[in-house]
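Engineer: Here you go, entry-v3.cif (mmCIF, C-alpha atoms and all ligand atoms):
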```cif
data_target
loop_
_atom_site.label_atom_id
_atom_site.label_comp_id
_atom_site.auth_asym_id
_atom_site.auth_seq_id
_atom_site.Cartn_x
_atom_site.Cartn_y
_atom_site.Cartn_z
CA MET A 1 38.29 76.95 115.83
CA ALA A 2 39.16 75.80 119.34
CA GLU A 3 39.74 78.19 122.21
CA LEU A 4 43.31 77.92 123.47
CA ILE A 5 43.73 76.77 127.06
CA ASN A 6 46.60 78.97 128.17
CA GLY A 7 48.40 76.86 130.76
CA LYS A 8 51.25 79.33 131.07
CA GLU A 9 48.92 82.19 132.02
CA LEU A 10 46.84 80.10 134.41
CA ALA A 11 49.99 78.71 136.05
CA LYS A 12 51.22 82.28 136.57
CA LYS A 13 47.92 83.21 138.22
CA ILE A 14 48.16 80.19 140.53
CA ARG A 15 51.75 81.05 141.42
CA GLU A 16 50.71 84.63 142.23
CA GLY A 17 48.14 83.29 144.71
CA LEU A 18 50.73 80.98 146.23
CA LYS A 19 53.16 83.88 146.73
CA ASP A 20 50.68 85.46 149.13
CA GLU A 21 50.22 82.18 151.00
CA VAL A 22 53.99 81.76 151.29
CA GLN A 23 54.29 85.29 152.72
CA GLU A 24 51.65 84.46 155.34
CA LEU A 25 53.51 81.27 156.26
CA LYS A 26 56.77 83.18 156.55
CA GLN A 27 55.13 85.66 158.91
CA ALA A 28 54.31 82.67 161.08
CA GLU A 29 57.99 81.64 160.77
CA ILE A 30 57.24 78.69 158.54
CA TYR A 31 59.55 78.66 155.54
CA PRO A 32 58.26 76.25 152.88
CA LYS A 33 61.12 74.21 151.45
CA LEU A 34 61.36 71.67 148.63
CA ALA A 35 64.21 69.15 148.33
CA VAL A 36 64.82 67.71 144.87
CA ILE A 37 66.99 64.64 144.34
CA MET A 38 68.36 63.90 140.90
CA VAL A 39 70.59 60.92 140.15
CA GLY A 40 72.77 60.90 137.03
CA ASP A 41 72.52 63.53 134.32
CA ASP A 42 69.51 62.80 132.15
CA LYS A 43 69.21 65.79 129.81
CA ALA A 44 65.43 66.23 130.01
CA SER A 45 65.47 65.78 133.80
CA LYS A 46 68.01 68.59 134.10
CA ILE A 47 65.61 70.93 132.30
CA TYR A 48 62.66 69.88 134.49
CA VAL A 49 64.70 70.32 137.66
CA ARG A 50 65.86 73.76 136.56
CA ASN A 51 62.25 74.80 135.84
CA LYS A 52 61.20 73.60 139.29
CA SER A 53 63.98 75.56 141.00
CA LYS A 54 63.00 78.71 139.06
CA ALA A 55 59.36 78.29 140.05
CA CYS A 56 60.36 77.89 143.72
CA GLU A 57 62.38 81.09 143.53
CA ASP A 58 59.43 82.90 141.95
CA VAL A 59 56.95 81.77 144.59
CA GLY A 60 59.34 82.23 147.53
CA ILE A 61 59.76 78.55 148.34
CA GLU A 62 63.20 77.55 149.56
CA TYR A 63 64.87 74.99 147.34
CA GLU A 64 67.56 72.39 147.97
CA GLU A 65 69.01 70.29 145.20
CA TYR A 66 70.83 66.99 145.64
CA LEU A 67 72.67 65.99 142.47
CA LEU A 68 73.91 62.44 142.97
CA PRO A 69 76.33 60.64 140.66
CA GLU A 70 75.10 57.97 138.21
CA LYS A 71 76.76 55.21 140.29
CA THR A 72 74.81 56.05 143.47
CA THR A 73 73.59 52.89 145.23
CA MET A 74 69.99 52.28 146.28
CA LYS A 75 71.09 52.37 149.92
CA GLU A 76 72.71 55.78 149.49
CA LEU A 77 69.57 57.10 147.81
CA LEU A 78 67.25 55.71 150.50
CA ASP A 79 69.52 57.02 153.27
CA LEU A 80 69.29 60.51 151.81
CA ILE A 81 65.48 60.27 151.55
CA GLU A 82 65.29 59.15 155.19
CA LYS A 83 67.52 62.04 156.23
CA LEU A 84 65.20 64.49 154.44
CA ASN A 85 62.12 62.75 155.92
CA ASN A 86 63.53 63.51 159.36
CA ASP A 87 64.52 67.08 158.57
CA GLU A 88 61.76 69.33 159.92
CA THR A 89 62.77 72.23 157.73
CA ILE A 90 61.89 70.24 154.56
CA HIS A 91 58.23 70.17 153.50
CA GLY A 92 58.43 68.43 150.14
CA ILE A 93 60.73 65.72 148.74
CA LEU A 94 60.88 64.88 145.09
CA VAL A 95 62.96 62.21 143.36
CA GLN A 96 63.29 63.13 139.70
CA SER A 97 62.61 60.19 137.39
CA PRO A 98 63.85 58.40 135.40
CA LEU A 99 66.50 57.00 137.72
CA PRO A 100 69.56 55.31 136.20
CA ASN A 101 69.30 51.55 135.55
CA GLY A 102 69.69 49.52 138.70
CA LEU A 103 67.86 52.01 140.93
CA ASP A 104 64.25 51.25 141.82
CA ALA A 105 62.10 54.37 141.53
CA ASN A 106 59.14 52.67 143.21
CA GLU A 107 61.23 51.88 146.27
CA ALA A 108 62.39 55.50 146.37
CA PHE A 109 58.78 56.76 146.15
CA ARG A 110 57.72 54.31 148.87
CA THR A 111 60.43 55.64 151.15
CA ILE A 112 59.43 59.31 150.86
CA SER A 113 57.21 60.17 153.83
CA PRO A 114 53.60 60.40 152.59
CA LYS A 115 53.44 63.77 154.36
CA LYS A 116 56.26 65.15 152.20
CA ASP A 117 55.32 63.30 149.01
CA VAL A 118 54.51 66.40 146.95
CA ASP A 119 54.63 64.39 143.70
CA GLY A 120 51.88 62.07 144.99
CA PHE A 121 53.75 58.90 143.99
CA ASN A 122 53.91 57.20 147.42
CA PRO A 123 51.46 54.24 147.50
CA ILE A 124 49.67 55.84 150.48
CA ASN A 125 48.79 58.90 148.40
CA VAL A 126 48.04 56.74 145.36
CA GLY A 127 45.62 54.70 147.50
CA LYS A 128 44.03 57.76 149.05
CA LEU A 129 43.37 59.21 145.60
CA SER A 130 41.63 55.93 144.69
CA LEU A 131 39.47 56.30 147.80
CA ASN A 132 38.80 59.98 146.98
CA GLN A 133 40.39 61.06 150.26
CA ASP A 134 42.45 64.20 150.88
CA CYS A 135 46.00 63.52 149.68
CA PHE A 136 48.85 64.83 147.55
CA VAL A 137 47.59 64.48 144.00
CA SER A 138 50.31 64.01 141.40
CA CYS A 139 51.01 67.29 139.72
CA THR A 140 50.23 66.67 136.04
CA PRO A 141 46.72 65.21 136.63
CA TYR A 142 46.03 67.89 139.23
CA GLY A 143 47.07 70.60 136.78
CA ILE A 144 44.81 69.16 134.09
CA ILE A 145 41.80 69.20 136.43
CA LYS A 146 42.57 72.84 137.33
CA MET A 147 42.70 73.75 133.63
CA LEU A 148 39.35 72.10 132.91
CA GLU A 149 37.77 73.79 135.92
CA ASN A 150 39.17 77.23 135.13
CA TYR A 151 37.88 77.08 131.57
CA ASN A 152 34.47 75.86 132.83
CA ILE A 153 34.71 72.67 130.83
CA PRO A 154 32.11 70.35 132.36
CA ILE A 155 33.66 67.22 133.88
CA GLU A 156 30.64 65.69 135.62
CA GLY A 157 28.87 63.34 133.25
CA ALA A 158 31.39 63.95 130.45
CA HIS A 159 33.02 61.01 128.72
CA ALA A 160 36.75 61.48 129.34
CA VAL A 161 39.07 59.33 127.27
CA ILE A 162 42.71 59.14 128.33
CA VAL A 163 45.25 57.68 125.93
CA GLY A 164 48.10 56.43 128.13
CA ARG A 165 48.05 54.55 131.44
CA SER A 166 51.32 55.48 133.12
CA ASN A 167 51.57 55.69 136.88
CA ILE A 168 52.43 59.38 136.72
CA VAL A 169 49.80 60.60 134.26
CA GLY A 170 47.16 58.24 132.87
CA LYS A 171 46.20 56.25 135.98
CA PRO A 172 46.07 59.10 138.53
CA LEU A 173 44.25 61.30 136.01
CA ALA A 174 41.63 58.58 135.53
CA LYS A 175 41.03 58.60 139.29
CA CYS A 176 40.85 62.41 139.45
CA LEU A 177 38.28 62.51 136.66
CA LEU A 178 36.28 59.67 138.18
CA ASN A 179 36.30 61.52 141.53
CA LYS A 180 34.81 64.48 139.63
CA ASN A 181 32.06 62.21 138.21
CA ALA A 182 33.28 61.86 134.65
CA THR A 183 32.79 58.59 132.80
CA VAL A 184 36.37 57.54 132.18
CA THR A 185 37.93 55.29 129.56
CA VAL A 186 41.66 54.59 129.69
CA CYS A 187 43.36 53.43 126.48
CA HIS A 188 46.86 52.02 125.99
CA SER A 189 49.02 50.25 123.45
CA LYS A 190 46.90 47.09 123.53
CA THR A 191 43.59 48.93 123.04
CA LYS A 192 41.69 47.80 119.98
CA ASN A 193 39.90 50.25 117.66
CA LEU A 194 41.43 53.25 119.42
CA GLN A 195 39.87 55.74 117.03
CA ASP A 196 36.35 54.43 117.74
CA ILE A 197 36.93 55.18 121.42
CA THR A 198 38.71 58.53 121.14
CA LYS A 199 35.91 59.77 118.84
CA GLN A 200 33.47 59.35 121.72
CA ALA A 201 35.42 61.66 124.02
CA ASP A 202 33.97 64.93 125.29
CA ILE A 203 37.35 65.38 126.95
CA LEU A 204 40.29 63.71 125.22
CA ILE A 205 43.63 63.54 126.96
CA ALA A 206 46.76 62.40 125.14
CA ALA A 207 49.62 61.10 127.31
CA VAL A 208 51.36 58.77 124.87
CA GLY A 209 54.80 60.24 124.20
CA LYS A 210 54.47 60.09 120.39
CA PRO A 211 54.52 63.32 118.37
CA LYS A 212 51.21 64.23 116.66
CA PHE A 213 49.75 60.83 117.58
CA ILE A 214 46.19 62.19 117.94
CA THR A 215 44.96 63.31 114.54
CA ALA A 216 41.76 65.19 113.69
CA ASP A 217 39.98 62.02 112.53
CA MET A 218 40.32 60.64 116.09
CA VAL A 219 38.55 63.63 117.66
CA LYS A 220 34.83 64.28 118.13
CA ASN A 221 33.52 67.69 117.03
CA ASN A 222 33.77 70.22 119.87
CA ALA A 223 35.76 67.96 122.17
CA ALA A 224 38.14 69.51 124.72
CA VAL A 225 41.62 68.19 123.91
CA ILE A 226 44.41 68.14 126.47
CA ASP A 227 47.90 67.39 125.23
CA VAL A 228 50.28 66.08 127.89
CA GLY A 229 52.99 64.95 125.47
CA ILE A 230 56.42 66.53 125.42
CA ASN A 231 58.39 65.20 122.49
CA ARG A 232 61.78 66.67 121.72
CA THR A 233 62.16 66.61 117.94
CA GLU A 234 64.27 68.44 115.38
CA GLU A 235 61.33 70.83 114.97
CA GLY A 236 61.46 71.59 118.70
CA LEU A 237 58.99 70.57 121.40
CA ILE A 238 55.96 68.79 119.94
CA GLY A 239 52.92 67.43 121.71
CA ASP A 240 51.06 64.16 121.23
CA VAL A 241 48.30 66.01 119.36
CA ASP A 242 48.41 67.18 115.77
CA PHE A 243 47.61 70.70 116.93
CA GLU A 244 47.05 72.43 113.59
CA ASP A 245 44.38 70.02 112.39
CA VAL A 246 42.79 69.21 115.72
CA GLU A 247 42.31 72.87 116.72
CA LYS A 248 39.92 73.24 113.77
CA LYS A 249 37.65 70.58 115.23
CA ALA A 250 37.95 70.87 119.02
CA SER A 251 36.21 73.36 121.31
CA TYR A 252 39.26 73.74 123.56
CA ILE A 253 42.88 72.70 123.10
CA THR A 254 46.12 73.02 125.05
CA PRO A 255 49.31 74.10 123.27
CA VAL A 256 52.74 72.48 123.63
CA PRO A 257 54.69 74.18 125.06
CA GLY A 258 52.65 76.46 127.30
CA GLY A 259 49.85 74.05 128.23
CA VAL A 260 50.09 71.18 130.69
CA GLY A 261 53.83 71.67 131.41
CA PRO A 262 53.64 74.95 133.36
CA MET A 263 50.53 73.72 135.19
CA THR A 264 52.42 70.64 136.41
CA ILE A 265 55.03 72.88 138.02
CA ALA A 266 52.42 75.24 139.48
CA MET A 267 50.69 72.29 141.15
CA LEU A 268 54.01 71.11 142.56
CA MET A 269 54.39 74.54 144.18
CA ASN A 270 50.81 74.23 145.42
CA ASN A 271 51.60 70.87 147.01
CA VAL A 272 54.70 72.19 148.78
CA VAL A 273 52.69 75.07 150.25
CA LYS A 274 49.94 72.62 151.29
CA SER A 275 52.54 70.44 153.00
CA ALA A 276 54.09 73.41 154.82
CA LYS A 277 50.64 74.39 156.10
CA GLN A 278 49.96 70.86 157.31
CA GLN A 279 53.23 70.26 159.13
P1 LIG B 1 54.78 56.44 129.35
O1 LIG B 1 55.75 56.10 128.26
O2 LIG B 1 55.04 55.98 130.72
O3 LIG B 1 53.33 55.96 128.92
C1 LIG B 1 52.87 56.07 127.60
C2 LIG B 1 51.50 55.43 127.52
O4 LIG B 1 51.06 55.51 126.17
C3 LIG B 1 51.50 53.96 127.90
O5 LIG B 1 50.40 53.67 128.72
C4 LIG B 1 51.38 53.25 126.57
O6 LIG B 1 50.66 52.02 126.62
C5 LIG B 1 50.59 54.25 125.77
N1 LIG B 1 50.77 54.05 124.33
C6 LIG B 1 51.95 53.94 123.67
N2 LIG B 1 51.71 53.72 122.37
C7 LIG B 1 50.38 53.68 122.22
C8 LIG B 1 49.53 53.46 121.11
N3 LIG B 1 50.02 53.22 119.89
N4 LIG B 1 48.20 53.48 121.30
C9 LIG B 1 47.69 53.72 122.54
N5 LIG B 1 48.45 53.93 123.63
C10 LIG B 1 49.78 53.91 123.47
O7 LIG B 1 54.66 58.04 129.28
P2 LIG B 1 54.21 59.11 130.39
O8 LIG B 1 52.81 58.91 130.79
O9 LIG B 1 55.26 59.24 131.40
O10 LIG B 1 54.29 60.43 129.49
C11 LIG B 1 53.51 60.58 128.32
C12 LIG B 1 53.95 61.85 127.62
O11 LIG B 1 53.68 62.94 128.48
C13 LIG B 1 55.44 61.94 127.33
O12 LIG B 1 55.61 62.68 126.14
C14 LIG B 1 56.00 62.73 128.50
O13 LIG B 1 57.17 63.41 128.17
C15 LIG B 1 54.87 63.68 128.75
N6 LIG B 1 54.78 64.18 130.12
C16 LIG B 1 54.50 65.49 130.26
C17 LIG B 1 54.33 66.04 131.49
C18 LIG B 1 53.99 67.48 131.58
O14 LIG B 1 54.10 68.06 132.64
N7 LIG B 1 53.54 68.11 130.50
C19 LIG B 1 54.47 65.25 132.73
C20 LIG B 1 54.68 63.84 132.48
C21 LIG B 1 54.84 63.35 131.21
P3 LIG B 1 51.22 50.72 127.44
O15 LIG B 1 50.94 51.02 128.88
O16 LIG B 1 50.40 49.60 126.91
O17 LIG B 1 52.67 50.62 127.11
#
```
Take the structure in the file and give it back as structure tokens.

Structural biologist:
Amino acid sequence: MAELINGKELAKKIREGLKDEVQELKQAEIYPKLAVIMVGDDKASKIYVRNKSKACEDVGIEYEEYLLPEKTTMKELLDLIEKLNNDETIHGILVQSPLPNGLDANEAFRTISPKKDVDGFNPINVGKLSLNQDCFVSCTPYGIIKMLENYNIPIEGAHAVIVGRSNIVGKPLAKCLLNKNATVTVCHSKTKNLQDITKQADILIAAVGKPKFITADMVKNNAAVIDVGINRTEEGLIGDVDFEDVEKKASYITPVPGGVGPMTIAMLMNNVVKSAKQQ
């Protein structure tokens, strides 16, 4: 039976450490502040944004929210980002995706100053991660690395298989794992013989967006299985991994909820504090 990787507990521990760092910054009259921009009223985004604001409150980070109407133009969005770039009291800027049709998220990410890009989506930070240079690492991959490290799951030399190649999870995670000397395979919807590949994984990460996509017959005995998926179904929140069957075979497994999700937010807080220290 797999050991549960308790992301909620670990995230709490990380937030506790950050609280102390925030207090120290405040004593030096630096008040870490995150600005979150949300356009339109995507239901899931609203929940994510609320969770981020709660985490800021918990850690002592100041929080500013910009809720823009669905019909916001690209120029209006970019003007707001520029205004926040130039505001010295703001240390982190985040544009919640998805944006409504007609708005270009990549252009928004490109416009956020790399120094305030706490989501790590600006091409400068993306490039620096590729070069294994100090940068803002996007929060979900960063959180996954922290989970592996805290549970002493060896990364160096391990075969890590990631199912999913999105710009926010799969690709940056591949770079993080490669930087930590894993042998990395990235699978996607055009991958042939997926099961043959996932069965080789010492560390298997599912970031597909399909409930219970990873079944026990796709998992090697004693693999560490990380479930990034958040699927809202009638049964509630369900991950990309068939938890009940896979936990019998894996050595470690993350639950959904309570696994990668809270870690993502903890690493966002971490990045805001890092930015405040650097500015
Ligand atoms: P995307 O939809 O952007 O990417 C999904 C990836 O899965 C794509 O690369 C796609 O391949 C691949 N894929 C789809 N079907 C298959 C298949 N049959 N076989 C192999 N690969 C397949 O999703 P995200 O990366 O944004 O998110 C993935 C999941 O993680 C979602 O459930 C999302 O809600 C969740 N999430 C959770 C976070 C957290 O903090 N816990 C943070 C971010 C996301 P292709 O590229 O070929 O289309």

Engineer: Could you tell me how far atom O12 of ligand LIG 1 (chain B) lies from atom CA of A:Lys146, in Å and to one decimal?

Structural biologist: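 Those two atoms sit 20.0 Å apart.
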
Engineer: Identify, counting only C-alpha atoms and all ligand atoms, the protein, DNA and RNA residues located within 6 Å of ligand LIG 1 (chain B), and give them as a PyMOL selection string.

Structural biologist: chain A and resi 140+163-166+168-169+187-190+207-209+228-231+260-261+264

Engineer: Restricting it to C-alpha atoms, dump the selection as a CSV table (one decimal), keeping the file's coordinate frame.

Structural biologist:
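Produced file result-v7.csv, reproduced below:
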```
chain,number,residue,atom,x,y,z
A,140,THR,CA,50.2,66.7,136.0
A,163,VAL,CA,45.2,57.7,125.9
A,164,GLY,CA,48.1,56.4,128.1
A,165,ARG,CA,48.0,54.6,131.4
A,166,SER,CA,51.3,55.5,133.1
A,168,ILE,CA,52.4,59.4,136.7
A,169,VAL,CA,49.8,60.6,134.3
A,187,CYS,CA,43.4,53.4,126.5
A,188,HIS,CA,46.9,52.0,126.0
A,189,SER,CA,49.0,50.2,123.4
A,190,LYS,CA,46.9,47.1,123.5
A,207,ALA,CA,49.6,61.1,127.3
A,208,VAL,CA,51.4,58.8,124.9
A,209,GLY,CA,54.8,60.2,124.2
A,228,VAL,CA,50.3,66.1,127.9
A,229,GLY,CA,53.0,65.0,125.5
A,230,ILE,CA,56.4,66.5,125.4
A,231,ASN,CA,58.4,65.2,122.5
A,260,VAL,CA,50.1,71.2,130.7
A,261,GLY,CA,53.8,71.7,131.4
A,264,THR,CA,52.4,70.6,136.4
```

Engineer: Please measure the separation of atom CA of A:Asn132 and atom CA of A:Pro172, giving the value in Å to one decimal.

Structural biologist: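 Atom CA of A:Pro172 lies at a distance of 11.2 Å from atom CA of A:Asn132.
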
Engineer: Please report the interatomic distance between atom CA of A:Val22 and atom CA of A:His91 in Å with one decimal.

Structural biologist: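 It comes out at 12.5 Å.
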
Engineer: Just checking: using only C-alpha atoms, which residue out of A:Val137, A:Leu4, A:Leu99, A:Val118 ends up closest to A:Val273?

Structural biologist: A:Val118

Engineer: Using all atoms listed in the file, which of A:Asn51, A:Ser275, A:Asn181, A:Thr198 sits nearest A:Pro154?

Structural biologist: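 Of A:Asn51, A:Ser275, A:Asn181, A:Thr198, the one nearest A:Pro154, counting all atoms listed in the file, is A:Asn181.
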
Engineer: Between A:Lys116, A:Leu77, A:Glu70, A:Asn122, which has the minimum distance to A:Pro100 (counting all atoms listed in the file)?

Structural biologist: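 Of all the options, A:Glu70 lies closest to A:Pro100.
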
Engineer: Counting only C-alpha atoms, note down every residue that has an atom within 8 Å of the point (60.3, 58.7, 151.4) (file coordinates), as a ChimeraX atom specification.

Structural biologist: /A:78,81-82,85,93,108-114,116-117,122

Engineer: Show me, as a PyMOL selection string, the residues that have an atom within 7 Å of A:Ser138 when counting only C-alpha atoms, minus same-chain residues fewer than 4 positions from it.

Structural biologist: chain A and resi 119-121+142+168

Engineer: Residues near stretch 241-257 of chain A, anyone? I mean within 10 Å using all atoms listed in the file, not counting same-chain ones fewer than 4 positions away, as a ChimeraX atom specification.

Structural biologist: /A:1-8,144,147-148,151,153,202-231,236-237,261-262

Engineer: Neighbours of A:Leu68 within 9 Å (all atoms listed in the file; same-chain residues fewer than 6 positions away dropped), as a PyMOL selection string?

Structural biologist: chain A and resi 37-41+77

Engineer: Counting only C-alpha atoms, what is within 12 Å of A:Lys175, bar same-chain residues fewer than 3 positions away, as a PDB file with C-alpha atoms, in the frame of the given file?

Structural biologist:
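In the end it all went to around.pdb:
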```
ATOM      1  CA  ASN A 125      48.790  58.900 148.400  1.00  0.00           C
ATOM      2  CA  VAL A 126      48.040  56.740 145.360  1.00  0.00           C
ATOM      3  CA  GLY A 127      45.620  54.700 147.500  1.00  0.00           C
ATOM      4  CA  LYS A 128      44.030  57.760 149.050  1.00  0.00           C
ATOM      5  CA  LEU A 129      43.370  59.210 145.600  1.00  0.00           C
ATOM      6  CA  SER A 130      41.630  55.930 144.690  1.00  0.00           C
ATOM      7  CA  LEU A 131      39.470  56.300 147.800  1.00  0.00           C
ATOM      8  CA  ASN A 132      38.800  59.980 146.980  1.00  0.00           C
ATOM      9  CA  GLN A 133      40.390  61.060 150.260  1.00  0.00           C
ATOM     10  CA  VAL A 137      47.590  64.480 144.000  1.00  0.00           C
ATOM     11  CA  SER A 138      50.310  64.010 141.400  1.00  0.00           C
ATOM     12  CA  PRO A 141      46.720  65.210 136.630  1.00  0.00           C
ATOM     13  CA  TYR A 142      46.030  67.890 139.230  1.00  0.00           C
ATOM     14  CA  ILE A 145      41.800  69.200 136.430  1.00  0.00           C
ATOM     15  CA  ALA A 160      36.750  61.480 129.340  1.00  0.00           C
ATOM     16  CA  ILE A 162      42.710  59.140 128.330  1.00  0.00           C
ATOM     17  CA  ARG A 165      48.050  54.550 131.440  1.00  0.00           C
ATOM     18  CA  ASN A 167      51.570  55.690 136.880  1.00  0.00           C
ATOM     19  CA  ILE A 168      52.430  59.380 136.720  1.00  0.00           C
ATOM     20  CA  VAL A 169      49.800  60.600 134.260  1.00  0.00           C
ATOM     21  CA  GLY A 170      47.160  58.240 132.870  1.00  0.00           C
ATOM     22  CA  LYS A 171      46.200  56.250 135.980  1.00  0.00           C
ATOM     23  CA  PRO A 172      46.070  59.100 138.530  1.00  0.00           C
ATOM     24  CA  LEU A 178      36.280  59.670 138.180  1.00  0.00           C
ATOM     25  CA  ASN A 179      36.300  61.520 141.530  1.00  0.00           C
ATOM     26  CA  LYS A 180      34.810  64.480 139.630  1.00  0.00           C
ATOM     27  CA  ASN A 181      32.060  62.210 138.210  1.00  0.00           C
ATOM     28  CA  ALA A 182      33.280  61.860 134.650  1.00  0.00           C
ATOM     29  CA  THR A 183      32.790  58.590 132.800  1.00  0.00           C
ATOM     30  CA  VAL A 184      36.370  57.540 132.180  1.00  0.00           C
ATOM     31  CA  THR A 185      37.930  55.290 129.560  1.00  0.00           C
ATOM     32  CA  VAL A 186      41.660  54.590 129.690  1.00  0.00           C
TER      33      VAL A 186
END
```

Engineer: Given the choices A:Ala44, A:Leu84, A:Ile124, A:Ile30, which gets closest to A:Glu62 if the distance is worked out from only C-alpha atoms?

Structural biologist: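 Of A:Ala44, A:Leu84, A:Ile124, A:Ile30, the one nearest A:Glu62 is A:Ile30, counting only C-alpha atoms.
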